[in-house]
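So this block is protein-v2.txt, compact mmCIF, N, CA, C and O atoms:
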```txt
# COMPACT_ATOMS: atom_id res chain seq x y z
N MET A 21 -57.40 -35.51 -44.55
CA MET A 21 -57.67 -35.24 -43.15
C MET A 21 -58.09 -33.79 -42.99
O MET A 21 -57.52 -32.89 -43.58
N ALA A 22 -59.08 -33.55 -42.17
CA ALA A 22 -59.64 -32.22 -41.98
C ALA A 22 -58.59 -31.24 -41.48
O ALA A 22 -58.55 -30.09 -41.89
N SER A 23 -57.70 -31.67 -40.59
CA SER A 23 -56.69 -30.78 -40.03
C SER A 23 -55.79 -30.23 -41.11
O SER A 23 -55.49 -29.05 -41.16
N ASP A 24 -55.33 -31.11 -42.00
CA ASP A 24 -54.41 -30.70 -43.05
C ASP A 24 -55.09 -29.76 -44.04
O ASP A 24 -54.49 -28.80 -44.50
N LYS A 25 -56.37 -30.00 -44.37
CA LYS A 25 -57.09 -29.13 -45.29
C LYS A 25 -57.21 -27.73 -44.69
O LYS A 25 -56.97 -26.74 -45.36
N ASN A 26 -57.59 -27.65 -43.43
CA ASN A 26 -57.79 -26.35 -42.79
C ASN A 26 -56.47 -25.63 -42.57
O ASN A 26 -56.42 -24.42 -42.66
N ARG A 27 -55.40 -26.37 -42.30
CA ARG A 27 -54.11 -25.73 -42.09
C ARG A 27 -53.67 -25.00 -43.36
O ARG A 27 -53.10 -23.94 -43.31
N GLY A 28 -53.95 -25.59 -44.50
CA GLY A 28 -53.61 -24.97 -45.78
C GLY A 28 -54.35 -23.66 -45.99
O GLY A 28 -53.91 -22.81 -46.74
N ARG A 29 -55.47 -23.50 -45.33
CA ARG A 29 -56.26 -22.27 -45.44
C ARG A 29 -55.83 -21.22 -44.43
O ARG A 29 -56.47 -20.20 -44.26
N GLY A 30 -54.78 -21.50 -43.68
CA GLY A 30 -54.30 -20.54 -42.71
C GLY A 30 -54.93 -20.69 -41.34
O GLY A 30 -54.74 -19.87 -40.47
N ILE A 31 -55.71 -21.74 -41.14
CA ILE A 31 -56.32 -21.99 -39.84
C ILE A 31 -55.34 -22.83 -39.02
O ILE A 31 -54.82 -23.82 -39.50
N ASN A 32 -55.08 -22.43 -37.79
CA ASN A 32 -54.08 -23.11 -36.96
C ASN A 32 -54.68 -24.28 -36.20
O ASN A 32 -54.88 -24.22 -35.00
N ILE A 33 -54.95 -25.35 -36.91
CA ILE A 33 -55.49 -26.55 -36.29
C ILE A 33 -54.35 -27.55 -36.16
O ILE A 33 -53.57 -27.74 -37.07
N LEU A 34 -54.31 -28.20 -35.01
CA LEU A 34 -53.27 -29.20 -34.79
C LEU A 34 -53.54 -30.45 -35.62
O LEU A 34 -54.70 -30.84 -35.80
N THR A 35 -52.47 -31.07 -36.09
CA THR A 35 -52.62 -32.37 -36.74
C THR A 35 -52.88 -33.39 -35.64
O THR A 35 -52.69 -33.11 -34.45
N ASP A 36 -53.29 -34.57 -36.04
CA ASP A 36 -53.53 -35.63 -35.06
C ASP A 36 -52.26 -35.92 -34.26
O ASP A 36 -52.31 -36.12 -33.05
N TYR A 37 -51.13 -35.91 -34.94
CA TYR A 37 -49.87 -36.21 -34.27
C TYR A 37 -49.50 -35.11 -33.27
O TYR A 37 -49.09 -35.40 -32.14
N GLU A 38 -49.66 -33.85 -33.65
CA GLU A 38 -49.37 -32.74 -32.73
C GLU A 38 -50.29 -32.79 -31.52
O GLU A 38 -49.85 -32.57 -30.39
N ARG A 39 -51.56 -33.11 -31.76
CA ARG A 39 -52.53 -33.25 -30.66
C ARG A 39 -52.11 -34.39 -29.73
O ARG A 39 -52.19 -34.27 -28.50
N LYS A 40 -51.63 -35.48 -30.32
CA LYS A 40 -51.18 -36.63 -29.52
C LYS A 40 -49.99 -36.24 -28.65
O LYS A 40 -49.96 -36.57 -27.45
N VAL A 41 -49.04 -35.52 -29.21
CA VAL A 41 -47.87 -35.09 -28.43
C VAL A 41 -48.30 -34.16 -27.31
O VAL A 41 -47.84 -34.29 -26.17
N LEU A 42 -49.22 -33.26 -27.58
CA LEU A 42 -49.72 -32.35 -26.53
C LEU A 42 -50.37 -33.14 -25.40
O LEU A 42 -50.13 -32.87 -24.23
N ARG A 43 -51.19 -34.14 -25.74
CA ARG A 43 -51.85 -34.96 -24.72
C ARG A 43 -50.83 -35.74 -23.90
O ARG A 43 -50.96 -35.88 -22.68
N ILE A 44 -49.80 -36.29 -24.57
CA ILE A 44 -48.78 -37.05 -23.84
C ILE A 44 -48.03 -36.14 -22.88
O ILE A 44 -47.82 -36.49 -21.71
N VAL A 45 -47.64 -34.96 -23.35
CA VAL A 45 -46.92 -34.00 -22.49
C VAL A 45 -47.80 -33.64 -21.29
O VAL A 45 -47.34 -33.67 -20.14
N TYR A 46 -49.06 -33.32 -21.54
CA TYR A 46 -49.97 -32.95 -20.46
C TYR A 46 -50.16 -34.11 -19.47
O TYR A 46 -50.09 -33.93 -18.26
N ASN A 47 -50.44 -35.30 -20.00
CA ASN A 47 -50.70 -36.45 -19.13
C ASN A 47 -49.47 -36.85 -18.32
O ASN A 47 -49.59 -37.24 -17.16
N PHE A 48 -48.29 -36.75 -18.93
CA PHE A 48 -47.06 -37.02 -18.18
C PHE A 48 -46.95 -36.04 -17.03
O PHE A 48 -46.65 -36.43 -15.89
N ASN A 49 -47.19 -34.78 -17.33
CA ASN A 49 -47.05 -33.74 -16.31
C ASN A 49 -48.05 -33.93 -15.18
O ASN A 49 -47.69 -33.80 -14.01
N SER A 50 -49.28 -34.25 -15.52
CA SER A 50 -50.29 -34.38 -14.46
C SER A 50 -50.20 -35.72 -13.74
O SER A 50 -50.45 -35.79 -12.54
N GLY A 51 -49.82 -36.77 -14.44
CA GLY A 51 -49.77 -38.10 -13.82
C GLY A 51 -48.46 -38.41 -13.12
O GLY A 51 -48.44 -38.98 -12.03
N ARG A 52 -47.36 -38.03 -13.74
CA ARG A 52 -46.04 -38.37 -13.19
C ARG A 52 -45.35 -37.18 -12.53
O ARG A 52 -44.23 -37.30 -12.05
N ARG A 53 -45.99 -36.04 -12.60
CA ARG A 53 -45.44 -34.82 -12.01
C ARG A 53 -44.09 -34.42 -12.60
O ARG A 53 -43.23 -33.86 -11.93
N ARG A 54 -43.91 -34.79 -13.85
CA ARG A 54 -42.72 -34.36 -14.59
C ARG A 54 -43.05 -34.39 -16.07
O ARG A 54 -44.08 -34.93 -16.48
N LEU A 55 -42.20 -33.79 -16.86
CA LEU A 55 -42.42 -33.77 -18.30
C LEU A 55 -41.60 -34.87 -18.97
O LEU A 55 -40.53 -35.24 -18.47
N PRO A 56 -42.08 -35.41 -20.10
CA PRO A 56 -41.36 -36.50 -20.75
C PRO A 56 -40.12 -35.99 -21.47
O PRO A 56 -40.05 -34.85 -21.90
N THR A 57 -39.13 -36.88 -21.59
CA THR A 57 -37.96 -36.57 -22.40
C THR A 57 -38.32 -36.76 -23.86
O THR A 57 -39.35 -37.37 -24.19
N VAL A 58 -37.48 -36.26 -24.76
CA VAL A 58 -37.72 -36.47 -26.19
C VAL A 58 -37.72 -37.96 -26.48
O VAL A 58 -38.55 -38.46 -27.24
N HIS A 59 -36.82 -38.71 -25.85
CA HIS A 59 -36.78 -40.15 -26.05
C HIS A 59 -38.11 -40.80 -25.63
O HIS A 59 -38.64 -41.66 -26.35
N GLU A 60 -38.64 -40.40 -24.50
CA GLU A 60 -39.92 -40.94 -24.04
C GLU A 60 -41.04 -40.60 -25.03
O GLU A 60 -41.92 -41.43 -25.28
N LEU A 61 -40.99 -39.43 -25.61
CA LEU A 61 -41.99 -39.05 -26.61
C LEU A 61 -41.85 -39.90 -27.87
O LEU A 61 -42.85 -40.28 -28.47
N THR A 62 -40.62 -40.23 -28.25
CA THR A 62 -40.42 -41.09 -29.42
C THR A 62 -40.97 -42.49 -29.15
O THR A 62 -41.58 -43.10 -30.02
N VAL A 63 -40.77 -42.98 -27.93
CA VAL A 63 -41.29 -44.31 -27.57
C VAL A 63 -42.81 -44.29 -27.54
O VAL A 63 -43.47 -45.19 -28.09
N LYS A 64 -43.39 -43.28 -26.90
CA LYS A 64 -44.85 -43.21 -26.77
C LYS A 64 -45.56 -43.02 -28.11
O LYS A 64 -46.67 -43.51 -28.31
N THR A 65 -44.93 -42.28 -29.03
CA THR A 65 -45.58 -41.99 -30.31
C THR A 65 -45.16 -42.95 -31.42
O THR A 65 -45.86 -43.06 -32.42
N GLY A 66 -44.02 -43.60 -31.25
CA GLY A 66 -43.52 -44.48 -32.30
C GLY A 66 -42.93 -43.73 -33.47
O GLY A 66 -42.75 -44.28 -34.55
N LYS A 67 -42.62 -42.47 -33.28
CA LYS A 67 -42.07 -41.63 -34.35
C LYS A 67 -40.62 -41.28 -34.06
O LYS A 67 -40.13 -41.44 -32.94
N ALA A 68 -39.94 -40.79 -35.07
CA ALA A 68 -38.53 -40.41 -34.95
C ALA A 68 -38.38 -39.11 -34.15
O ALA A 68 -39.32 -38.33 -34.01
N ARG A 69 -37.18 -38.91 -33.65
CA ARG A 69 -36.85 -37.70 -32.89
C ARG A 69 -37.21 -36.44 -33.67
O ARG A 69 -37.77 -35.49 -33.13
N SER A 70 -36.89 -36.43 -34.96
CA SER A 70 -37.16 -35.24 -35.79
C SER A 70 -38.66 -34.95 -35.86
O SER A 70 -39.06 -33.78 -35.87
N ASP A 71 -39.48 -36.00 -35.89
CA ASP A 71 -40.94 -35.81 -35.90
C ASP A 71 -41.42 -35.23 -34.58
O ASP A 71 -42.30 -34.37 -34.56
N VAL A 72 -40.85 -35.71 -33.48
CA VAL A 72 -41.23 -35.20 -32.16
C VAL A 72 -40.85 -33.73 -32.04
O VAL A 72 -41.66 -32.91 -31.60
N ILE A 73 -39.65 -33.39 -32.46
CA ILE A 73 -39.20 -32.00 -32.40
C ILE A 73 -40.08 -31.12 -33.28
O ILE A 73 -40.46 -30.01 -32.88
N ALA A 74 -40.46 -31.61 -34.46
CA ALA A 74 -41.34 -30.83 -35.35
C ALA A 74 -42.70 -30.60 -34.70
O ALA A 74 -43.27 -29.51 -34.80
N ALA A 75 -43.23 -31.61 -34.03
CA ALA A 75 -44.52 -31.47 -33.34
C ALA A 75 -44.40 -30.46 -32.20
O ALA A 75 -45.29 -29.62 -32.01
N LEU A 76 -43.32 -30.55 -31.43
CA LEU A 76 -43.11 -29.59 -30.35
C LEU A 76 -42.97 -28.17 -30.90
O LEU A 76 -43.50 -27.21 -30.33
N ASP A 77 -42.27 -28.03 -32.03
CA ASP A 77 -42.13 -26.71 -32.67
C ASP A 77 -43.50 -26.16 -33.09
O ASP A 77 -43.76 -24.97 -32.94
N ALA A 78 -44.35 -27.04 -33.62
CA ALA A 78 -45.70 -26.61 -34.01
C ALA A 78 -46.49 -26.16 -32.78
O ALA A 78 -47.21 -25.16 -32.82
N LEU A 79 -46.35 -26.90 -31.68
CA LEU A 79 -47.05 -26.52 -30.44
C LEU A 79 -46.56 -25.17 -29.92
O LEU A 79 -47.33 -24.40 -29.35
N ILE A 80 -45.29 -24.89 -30.13
CA ILE A 80 -44.75 -23.56 -29.77
C ILE A 80 -45.35 -22.50 -30.68
O ILE A 80 -45.83 -21.46 -30.22
N THR A 81 -45.33 -22.76 -31.98
CA THR A 81 -45.84 -21.81 -32.97
C THR A 81 -47.29 -21.45 -32.70
O THR A 81 -47.68 -20.28 -32.77
N PHE A 82 -48.10 -22.45 -32.37
CA PHE A 82 -49.52 -22.23 -32.13
C PHE A 82 -49.82 -21.86 -30.68
O PHE A 82 -50.98 -21.78 -30.27
N GLU A 83 -48.75 -21.65 -29.89
CA GLU A 83 -48.84 -21.18 -28.51
C GLU A 83 -49.60 -22.11 -27.58
O GLU A 83 -50.37 -21.68 -26.73
N TYR A 84 -49.35 -23.41 -27.73
CA TYR A 84 -49.86 -24.39 -26.78
C TYR A 84 -48.83 -24.65 -25.69
O TYR A 84 -49.19 -25.01 -24.58
N ILE A 85 -47.57 -24.50 -26.03
CA ILE A 85 -46.49 -24.66 -25.05
C ILE A 85 -45.47 -23.54 -25.26
O ILE A 85 -45.41 -22.91 -26.32
N HIS A 86 -44.68 -23.32 -24.23
CA HIS A 86 -43.50 -22.46 -24.33
C HIS A 86 -42.31 -23.34 -24.00
O HIS A 86 -42.34 -24.11 -23.03
N TRP A 87 -41.27 -23.24 -24.82
CA TRP A 87 -40.09 -24.09 -24.61
C TRP A 87 -38.90 -23.42 -25.25
O TRP A 87 -38.98 -22.94 -26.39
N ASP A 88 -37.78 -23.40 -24.55
CA ASP A 88 -36.59 -22.78 -25.09
C ASP A 88 -35.76 -23.75 -25.93
O ASP A 88 -34.66 -23.45 -26.36
N ARG A 89 -36.29 -24.94 -26.17
CA ARG A 89 -35.70 -25.98 -27.01
C ARG A 89 -34.42 -26.58 -26.43
O ARG A 89 -33.64 -27.19 -27.14
N SER A 90 -34.25 -26.42 -25.14
CA SER A 90 -33.06 -27.02 -24.54
C SER A 90 -33.40 -28.39 -23.96
O SER A 90 -33.08 -29.42 -24.54
N ASP A 91 -34.11 -28.39 -22.86
CA ASP A 91 -34.46 -29.63 -22.16
C ASP A 91 -35.97 -29.67 -22.02
O ASP A 91 -36.59 -28.67 -21.64
N THR A 92 -36.58 -30.81 -22.32
CA THR A 92 -38.06 -30.88 -22.28
C THR A 92 -38.61 -30.66 -20.87
O THR A 92 -39.79 -30.35 -20.72
N SER A 93 -37.77 -30.82 -19.86
CA SER A 93 -38.26 -30.56 -18.49
C SER A 93 -38.57 -29.08 -18.28
O SER A 93 -39.20 -28.72 -17.30
N LYS A 94 -38.16 -28.24 -19.24
CA LYS A 94 -38.43 -26.81 -19.14
C LYS A 94 -39.63 -26.36 -19.96
O LYS A 94 -39.89 -25.19 -20.11
N ILE A 95 -40.39 -27.33 -20.50
CA ILE A 95 -41.60 -26.99 -21.24
C ILE A 95 -42.63 -26.41 -20.27
O ILE A 95 -42.82 -26.93 -19.18
N ILE A 96 -43.27 -25.35 -20.70
CA ILE A 96 -44.38 -24.76 -19.95
C ILE A 96 -45.63 -24.97 -20.79
O ILE A 96 -45.68 -24.53 -21.95
N ILE A 97 -46.62 -25.65 -20.24
CA ILE A 97 -47.86 -25.91 -20.96
C ILE A 97 -48.75 -24.68 -20.82
O ILE A 97 -49.15 -24.32 -19.71
N LEU A 98 -49.05 -24.04 -21.94
CA LEU A 98 -49.90 -22.85 -21.93
C LEU A 98 -51.37 -23.22 -22.08
O LEU A 98 -52.23 -22.61 -21.45
N GLU A 99 -51.65 -24.21 -22.92
CA GLU A 99 -53.01 -24.73 -23.09
C GLU A 99 -52.90 -26.23 -23.18
O GLU A 99 -52.11 -26.75 -23.95
N ASP A 100 -53.74 -26.93 -22.41
CA ASP A 100 -53.59 -28.38 -22.32
C ASP A 100 -54.55 -29.14 -23.23
O ASP A 100 -54.55 -30.36 -23.24
N TRP A 101 -55.36 -28.44 -23.98
CA TRP A 101 -56.32 -29.10 -24.86
C TRP A 101 -56.49 -28.25 -26.10
O TRP A 101 -56.30 -27.03 -26.05
N GLU A 102 -56.84 -28.86 -27.20
CA GLU A 102 -57.03 -28.10 -28.43
C GLU A 102 -58.16 -27.09 -28.25
O GLU A 102 -59.18 -27.39 -27.65
N ARG A 103 -57.94 -25.90 -28.78
CA ARG A 103 -58.94 -24.84 -28.65
C ARG A 103 -60.21 -25.21 -29.38
O ARG A 103 -60.19 -25.73 -30.49
N GLU A 104 -61.33 -24.93 -28.75
CA GLU A 104 -62.64 -25.27 -29.32
C GLU A 104 -62.83 -24.64 -30.69
O GLU A 104 -63.35 -25.28 -31.61
N SER A 105 -62.40 -23.41 -30.85
CA SER A 105 -62.59 -22.70 -32.12
C SER A 105 -61.69 -23.24 -33.23
O SER A 105 -61.89 -22.93 -34.39
N GLU A 106 -60.71 -24.08 -32.88
CA GLU A 106 -59.77 -24.58 -33.88
C GLU A 106 -59.89 -26.06 -34.15
O GLU A 106 -59.07 -26.64 -34.83
N LYS A 107 -60.95 -26.67 -33.62
CA LYS A 107 -61.14 -28.09 -33.90
C LYS A 107 -61.50 -28.26 -35.38
O LYS A 107 -62.15 -27.40 -35.97
N PRO A 108 -61.10 -29.37 -35.97
CA PRO A 108 -61.38 -29.59 -37.39
C PRO A 108 -62.88 -29.58 -37.69
O PRO A 108 -63.69 -30.04 -36.90
N VAL A 109 -63.20 -29.03 -38.83
CA VAL A 109 -64.58 -28.99 -39.28
C VAL A 109 -64.71 -29.96 -40.45
O VAL A 109 -63.94 -29.92 -41.39
N LEU A 110 -65.69 -30.85 -40.36
CA LEU A 110 -65.91 -31.82 -41.42
C LEU A 110 -66.80 -31.21 -42.50
O LEU A 110 -67.75 -30.50 -42.19
N ASP A 111 -66.47 -31.51 -43.76
CA ASP A 111 -67.36 -31.06 -44.82
C ASP A 111 -68.51 -32.06 -44.97
O ASP A 111 -68.53 -33.11 -44.33
N GLU A 112 -69.49 -31.73 -45.80
CA GLU A 112 -70.69 -32.55 -45.93
C GLU A 112 -70.38 -33.98 -46.36
O GLU A 112 -71.00 -34.93 -45.89
N GLN A 113 -69.42 -34.14 -47.26
CA GLN A 113 -69.07 -35.48 -47.74
C GLN A 113 -68.49 -36.33 -46.62
O GLN A 113 -68.83 -37.51 -46.49
N GLU A 114 -67.63 -35.75 -45.79
CA GLU A 114 -67.07 -36.49 -44.66
C GLU A 114 -68.15 -36.89 -43.67
O GLU A 114 -68.14 -38.01 -43.16
N VAL A 115 -69.08 -35.99 -43.39
CA VAL A 115 -70.18 -36.30 -42.47
C VAL A 115 -71.03 -37.43 -43.04
O VAL A 115 -71.41 -38.36 -42.31
N GLN A 116 -71.31 -37.38 -44.34
CA GLN A 116 -72.12 -38.43 -44.98
C GLN A 116 -71.42 -39.78 -44.88
O GLN A 116 -72.05 -40.80 -44.58
N LEU A 117 -70.10 -39.83 -45.11
CA LEU A 117 -69.36 -41.08 -45.00
C LEU A 117 -69.40 -41.65 -43.58
O LEU A 117 -69.56 -42.85 -43.38
N ILE A 118 -69.28 -40.78 -42.60
CA ILE A 118 -69.33 -41.23 -41.20
C ILE A 118 -70.72 -41.76 -40.87
O ILE A 118 -70.85 -42.82 -40.25
N GLU A 119 -71.75 -41.05 -41.30
CA GLU A 119 -73.13 -41.50 -41.04
C GLU A 119 -73.39 -42.85 -41.69
O GLU A 119 -74.03 -43.72 -41.10
N GLU A 120 -72.89 -43.05 -42.93
CA GLU A 120 -73.07 -44.33 -43.61
C GLU A 120 -72.35 -45.45 -42.87
O GLU A 120 -72.87 -46.56 -42.75
N ALA A 121 -71.16 -45.18 -42.39
CA ALA A 121 -70.40 -46.19 -41.65
C ALA A 121 -71.13 -46.59 -40.37
O ALA A 121 -71.19 -47.78 -40.03
N ILE A 122 -71.69 -45.63 -39.67
CA ILE A 122 -72.44 -45.92 -38.44
C ILE A 122 -73.68 -46.74 -38.77
O ILE A 122 -73.99 -47.72 -38.09
N LEU A 123 -74.38 -46.36 -39.84
CA LEU A 123 -75.57 -47.09 -40.24
C LEU A 123 -75.23 -48.53 -40.62
O LEU A 123 -75.91 -49.47 -40.21
N ASN A 124 -74.16 -48.73 -41.37
CA ASN A 124 -73.73 -50.07 -41.76
C ASN A 124 -73.34 -50.90 -40.54
O ASN A 124 -73.66 -52.09 -40.47
N ARG A 125 -72.66 -50.30 -39.62
CA ARG A 125 -72.27 -51.01 -38.40
C ARG A 125 -73.50 -51.44 -37.61
O ARG A 125 -73.57 -52.56 -37.10
N THR A 126 -74.49 -50.57 -37.54
CA THR A 126 -75.74 -50.89 -36.84
C THR A 126 -76.47 -52.03 -37.53
O THR A 126 -76.94 -52.96 -36.88
N ARG A 127 -76.53 -51.97 -38.87
CA ARG A 127 -77.18 -53.04 -39.64
C ARG A 127 -76.48 -54.38 -39.42
O ARG A 127 -77.12 -55.41 -39.22
N ASN A 128 -75.14 -54.38 -39.47
CA ASN A 128 -74.38 -55.60 -39.27
C ASN A 128 -74.59 -56.18 -37.88
O ASN A 128 -74.66 -57.39 -37.71
N ALA A 129 -74.69 -55.31 -36.89
CA ALA A 129 -74.92 -55.78 -35.51
C ALA A 129 -76.31 -56.41 -35.40
O ALA A 129 -76.48 -57.43 -34.74
N ASP A 130 -77.30 -55.82 -36.07
CA ASP A 130 -78.66 -56.37 -36.04
C ASP A 130 -78.72 -57.72 -36.73
O ASP A 130 -79.43 -58.63 -36.29
N LEU A 131 -77.98 -57.90 -37.83
CA LEU A 131 -77.98 -59.15 -38.56
C LEU A 131 -77.31 -60.28 -37.80
O LEU A 131 -77.65 -61.45 -37.97
N SER A 132 -76.35 -59.93 -36.96
CA SER A 132 -75.62 -60.95 -36.22
C SER A 132 -76.37 -61.47 -35.00
O SER A 132 -75.97 -62.42 -34.38
N ARG A 133 -77.48 -60.85 -34.68
CA ARG A 133 -78.26 -61.26 -33.51
C ARG A 133 -79.09 -62.46 -33.78
O ARG A 133 -79.57 -62.91 -34.64
```
Take the structure from the file and write it as structure tokens.
Amino acid sequence: MASDKNRGRGINILTDYERKVLRIVYNFNSGRRRLPTVHELTVKTGKARSDVIAALDALITFEYIHWDRSDTSKIIILEDWERESEKPVLDEQEVQLIEEAILNRTRNADLSR
């Protein structure tokens, strides 16, 4: 995964799971006018409490949220979307694989007509 490769290089890119937790926290806040509990995050993500806490800790480290780690209702969202400069960058091989998959999908759709 591009996120994991770049993180090893010291680039602060969110993993897919951390990005998912950020989106859930933001959407809960904007849609329900409250922040989700840790239990609600475990239900929404299908992950264990420890995974949710680790994702929240990463969001704190990368300064997407501020939280004193007491109650999730005290989370302050600093940035609600992944920073443009920190989005994963695909290498040439990954781009080629994606292009081939799109081409194959197009060919299969044409054959089924």
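Distances from A:Ala74, A:Val58, A:Leu79, A:Leu117 to A:Glu102 were compared using only C-alpha atoms, and the smallest one belongs to A:Leu79.
One finds atom C of A:Phe82 at 11.2 Å from atom C of A:Ile96.
Here atom CA of A:Arg39 is placed at a distance of 8.2 Å from atom O of A:Asp100.
Across A:Ile118, A:Thr92, A:Asn124, A:Glu99, the tightest approach to A:Thr57 is made by A:Thr92 when counting all atoms listed in the file.
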(message) Just the number, please: distance in Å from atom O of A:Asn128 to atom O of A:Gln116, one decimal.
(response)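 Calculated distance between atom O of A:Asn128 and atom O of A:Gln116 is 18.1 Å.
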(request) Report the residues of stretch 26-123 of chain A whose backbone DSSP state falls under helix (DSSP H, G or I), written as a ChimeraX atom specification. (result) /A:26-28,36-52,58-65,69-81,92-94,104-106,112-123
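Minimum atom-to-atom distance to A:Tyr37, evaluated using only N, CA, C and O atoms, belongs to A:Asp71 out of A:Lys94, A:Arg89, A:Arg125, A:Asp71.
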(request) Rank A:Ala68, A:Leu123, A:Ile85, A:Val115 by their smallest atom-to-atom distance to A:Leu98, using only N, CA, C and O atoms, and report the top residue only. (result) A:Ile85
(request) Go through A:Glu120, A:Thr126, A:His86, A:Ile97 one by one, measure the shortest atom-to-atom distance of each to A:Val45 using all atoms listed in the file, and give the residue with the smallest value. (result)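 Once distances to A:Val45 are computed over all atoms listed in the file, the minimum belongs to A:Ile97.
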(request) Please provide the set of residues having any atom within 7 Å of A:Ala75, restricted to all atoms listed in the file, with same-chain residues fewer than 3 positions apart removed, written as a PyMOL selection string. (result) chain A and resi 37-38+41-42+69-72+78-81
